[in-house]
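**Student:** This is the structure I have questions about; it appears just below.
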Amino acid sequence: MQVTGASSLTGALTATAATFSQIVGVTGIGTFNSDILLTGATSKVIMPSTGLGPPSTGTRSAGSKLILLSAVDVSAADYALGIEAQVLWSSVANATGFHRWYAGAVNTMSLSGTGDLTTTGVLSITGPRTGPPSATTGAFLNISPSTFNNSTTVASGTVGSFFSNYIVQPTLTATNTAVTTTSASTLFIAGVPIGGLNMAVSNSFAVYVGSGITCLFDATDASALSASLLLAGGLTMAKTLYMGSGKLPSVVGVHDR
């Protein structure tokens with residue numbers, strides 16, 4: 001079936017040939033008021049190879065291939081799937097929208113229109129990587145230099161605290177009664193980087209702080225098995241060790257001492 005110009009079909013359209021183009025070709029606007037069902041073993045819908053571009057507002061993007069919900073206007077893009085050079089994209093109308101992934105009816109991951117990613121499961125980074133080493137970026141996890149702008153505090157105001165990254169204190173529970181966990185930690189590092197095939201590591205550290213003061217704010221006093229800092233090995237210091245009753249700076253909303 002070949003249609004030139006606007007067309008309208010009421011009822012199901014079923015394609016059983018190898019490709020949909022063998023059944024129907026529509027030049028212009030095609031309107032289907034029911035399902036389009038492809039039943040061939042290798043049936044497919046093939047989009048034209050022309051028309052590339054990112055989502056756009058004002059006018060529909062040339063790269064739009066499938067419009068899920070028409071929303072384009074002066075300040076919004078379509079809910080659509082499309083193609084730009086070397087990119088497969090999906091779009092929501094504007095920054096107030098969300099991309100969401102579901103398992104059944106359960107939302108397992110969300111990506112906001114402003115770039116905030118939320119997942120209910122474990123974020124895993126797996127598999128080996130190959131490339132040039134860098135002294136300024138992480139090989140597996142990298143947080144690039146960025147600027148956070150305080151847009152709410154009044155002029156000459158004071159902000160209590162700011163955290164670039166924040167790990168909330170977890171809570172452990174158990175289904176059965178009287179369960180004991182021998183050791184628990186909010187963050188665990190299994191060990192230092194080790195040399196593998198054809199590689200020798202001269203200095204290896206589990207944690208390396210390149211610059212800046214490290215503050216341990218826990219107030220546990222020292223005893224044989226308890227302290228704010230427990231060391232199973234030795235302690236090497238290149239500067240002075242000071243012990244006294246000095247007051248650490250307060251972290252408003254977290255610790256005030």
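Each chain in the structure tokens gets a letter, A, B and so on, in the order shown; residues start at 1 in every chain, and ligands are counted from 1 in the order they appear.
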Quick one: residues within 10 Å of Phe98 of chain A, only C-alpha atoms counted, chain neighbours fewer than 5 positions away excluded, as an MDAnalysis selection string?
**Tutor:** chainID A and resid 91:93 110:117
**Student:** Quick one: write out the picked residues with N, CA, C and O atoms as a PDB file, in the first residue's frame?
**Tutor:**
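Result saved to result_6.pdb:
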```pdb
ATOM      1  N   SER A  91      14.061  13.098  25.107  1.00  0.00           N
ATOM      2  CA  SER A  91      13.833  14.438  25.644  1.00  0.00           C
ATOM      3  C   SER A  91      12.522  14.521  26.403  1.00  0.00           C
ATOM      4  O   SER A  91      11.566  13.796  26.125  1.00  0.00           O
ATOM      5  N   VAL A  92      12.516  15.413  27.413  1.00  0.00           N
ATOM      6  CA  VAL A  92      11.293  15.837  28.088  1.00  0.00           C
ATOM      7  C   VAL A  92      11.102  17.315  27.779  1.00  0.00           C
ATOM      8  O   VAL A  92      11.975  17.962  27.205  1.00  0.00           O
ATOM      9  N   ALA A  93       9.956  17.863  28.158  1.00  0.00           N
ATOM     10  CA  ALA A  93       9.601  19.203  27.706  1.00  0.00           C
ATOM     11  C   ALA A  93      10.579  20.272  28.179  1.00  0.00           C
ATOM     12  O   ALA A  93      11.025  21.120  27.405  1.00  0.00           O
ATOM     13  N   SER A 110      15.539   7.618  38.586  1.00  0.00           N
ATOM     14  CA  SER A 110      14.992   8.853  38.033  1.00  0.00           C
ATOM     15  C   SER A 110      16.131   9.797  37.680  1.00  0.00           C
ATOM     16  O   SER A 110      17.115   9.902  38.409  1.00  0.00           O
ATOM     17  N   LEU A 111      15.982  10.482  36.564  1.00  0.00           N
ATOM     18  CA  LEU A 111      16.920  11.521  36.149  1.00  0.00           C
ATOM     19  C   LEU A 111      16.118  12.792  35.924  1.00  0.00           C
ATOM     20  O   LEU A 111      15.263  12.849  35.040  1.00  0.00           O
ATOM     21  N   SER A 112      16.363  13.802  36.754  1.00  0.00           N
ATOM     22  CA  SER A 112      15.584  15.034  36.660  1.00  0.00           C
ATOM     23  C   SER A 112      16.031  15.859  35.466  1.00  0.00           C
ATOM     24  O   SER A 112      17.115  15.654  34.907  1.00  0.00           O
ATOM     25  N   GLY A 113      15.202  16.819  35.094  1.00  0.00           N
ATOM     26  CA  GLY A 113      15.537  17.705  33.994  1.00  0.00           C
ATOM     27  C   GLY A 113      16.717  18.604  34.285  1.00  0.00           C
ATOM     28  O   GLY A 113      17.266  19.232  33.373  1.00  0.00           O
ATOM     29  N   THR A 114      17.143  18.679  35.548  1.00  0.00           N
ATOM     30  CA  THR A 114      18.324  19.460  35.916  1.00  0.00           C
ATOM     31  C   THR A 114      19.558  18.586  36.105  1.00  0.00           C
ATOM     32  O   THR A 114      20.612  19.074  36.511  1.00  0.00           O
ATOM     33  N   GLY A 115      19.433  17.263  35.835  1.00  0.00           N
ATOM     34  CA  GLY A 115      20.595  16.385  35.866  1.00  0.00           C
ATOM     35  C   GLY A 115      20.805  15.618  37.145  1.00  0.00           C
ATOM     36  O   GLY A 115      21.841  14.965  37.307  1.00  0.00           O
ATOM     37  N   ASP A 116      19.852  15.643  38.094  1.00  0.00           N
ATOM     38  CA  ASP A 116      19.991  14.888  39.340  1.00  0.00           C
ATOM     39  C   ASP A 116      19.558  13.443  39.111  1.00  0.00           C
ATOM     40  O   ASP A 116      18.431  13.183  38.677  1.00  0.00           O
ATOM     41  N   LEU A 117      20.443  12.490  39.421  1.00  0.00           N
ATOM     42  CA  LEU A 117      20.169  11.073  39.223  1.00  0.00           C
ATOM     43  C   LEU A 117      19.894  10.411  40.565  1.00  0.00           C
ATOM     44  O   LEU A 117      20.689  10.531  41.500  1.00  0.00           O
TER      45      LEU A 117
END
```
**Student:** Which residues are near Asn107 of chain A? Cut-off 12 Å, only C-alpha atoms, ignore same chain within fewer than 2 positions. Put them as a list in words.
**Tutor:** Phe98, His99, Arg100, Trp101, Tyr102, Ala103, Gly104, Ala105, Met109, Ser110, Leu111, Thr118, Thr119, Thr120 and Gly121 of chain A
**Student:** Based on the selection just made, write N, CA and C atoms of those residues as a compact mmCIF listing (two decimals), in the first residue's frame.
**Tutor:**
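part_11.txt, written as the output of this step:
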```txt
# COMPACT_ATOMS: atom_id res chain seq x y z
N PHE A 98 11.10 14.78 34.07
CA PHE A 98 11.93 13.68 34.56
C PHE A 98 12.02 12.58 33.52
N HIS A 99 13.17 11.89 33.50
CA HIS A 99 13.30 10.59 32.86
C HIS A 99 13.21 9.57 33.99
N ARG A 100 12.40 8.54 33.81
CA ARG A 100 12.26 7.53 34.85
C ARG A 100 12.31 6.13 34.26
N TRP A 101 12.86 5.19 35.05
CA TRP A 101 12.94 3.78 34.69
C TRP A 101 12.14 2.99 35.71
N TYR A 102 11.38 2.02 35.22
CA TYR A 102 10.50 1.23 36.09
C TYR A 102 10.80 -0.26 35.96
N ALA A 103 10.65 -0.99 37.07
CA ALA A 103 10.62 -2.44 37.07
C ALA A 103 9.20 -2.82 37.47
N GLY A 104 8.41 -3.27 36.50
CA GLY A 104 6.98 -3.41 36.75
C GLY A 104 6.39 -2.02 36.96
N ALA A 105 5.74 -1.81 38.10
CA ALA A 105 5.18 -0.50 38.41
C ALA A 105 6.04 0.27 39.41
N MET A 109 14.75 4.18 39.09
CA MET A 109 15.75 5.21 38.84
C MET A 109 15.09 6.42 38.19
N SER A 110 15.54 7.62 38.59
CA SER A 110 14.99 8.85 38.03
C SER A 110 16.13 9.80 37.68
N LEU A 111 15.98 10.48 36.56
CA LEU A 111 16.92 11.52 36.15
C LEU A 111 16.12 12.79 35.92
N THR A 118 18.77 9.71 40.67
CA THR A 118 18.39 9.00 41.89
C THR A 118 18.10 7.55 41.55
N THR A 119 18.73 6.63 42.29
CA THR A 119 18.49 5.21 42.07
C THR A 119 18.18 4.53 43.39
N THR A 120 17.31 3.52 43.35
CA THR A 120 16.96 2.79 44.56
C THR A 120 17.85 1.57 44.77
N GLY A 121 18.73 1.28 43.82
CA GLY A 121 19.59 0.12 43.92
C GLY A 121 21.05 0.50 44.08
```
**Student:** If I take atom CA of Ala62 of chain A and atom CA of Ile83 of chain A, how far is one from the other in Å, to one decimal?
**Tutor:** 8.7 Å
**Student:** For a test of reading the model, state the distance in Å between atom CA of Gly82 of chain A and atom CA of Leu52 of chain A, rounded to one decimal.
**Tutor:**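 Atom CA of Leu52 of chain A lies 8.0 Å from atom CA of Gly82 of chain A.
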**Student:** Between atom CA of Thr59 of chain A and atom CA of Ser90 of chain A, what distance in Å does the model show, to one decimal?
**Tutor:**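 Computing the Euclidean distance for atom CA of Thr59 of chain A and atom CA of Ser90 of chain A yields 16.5 Å.
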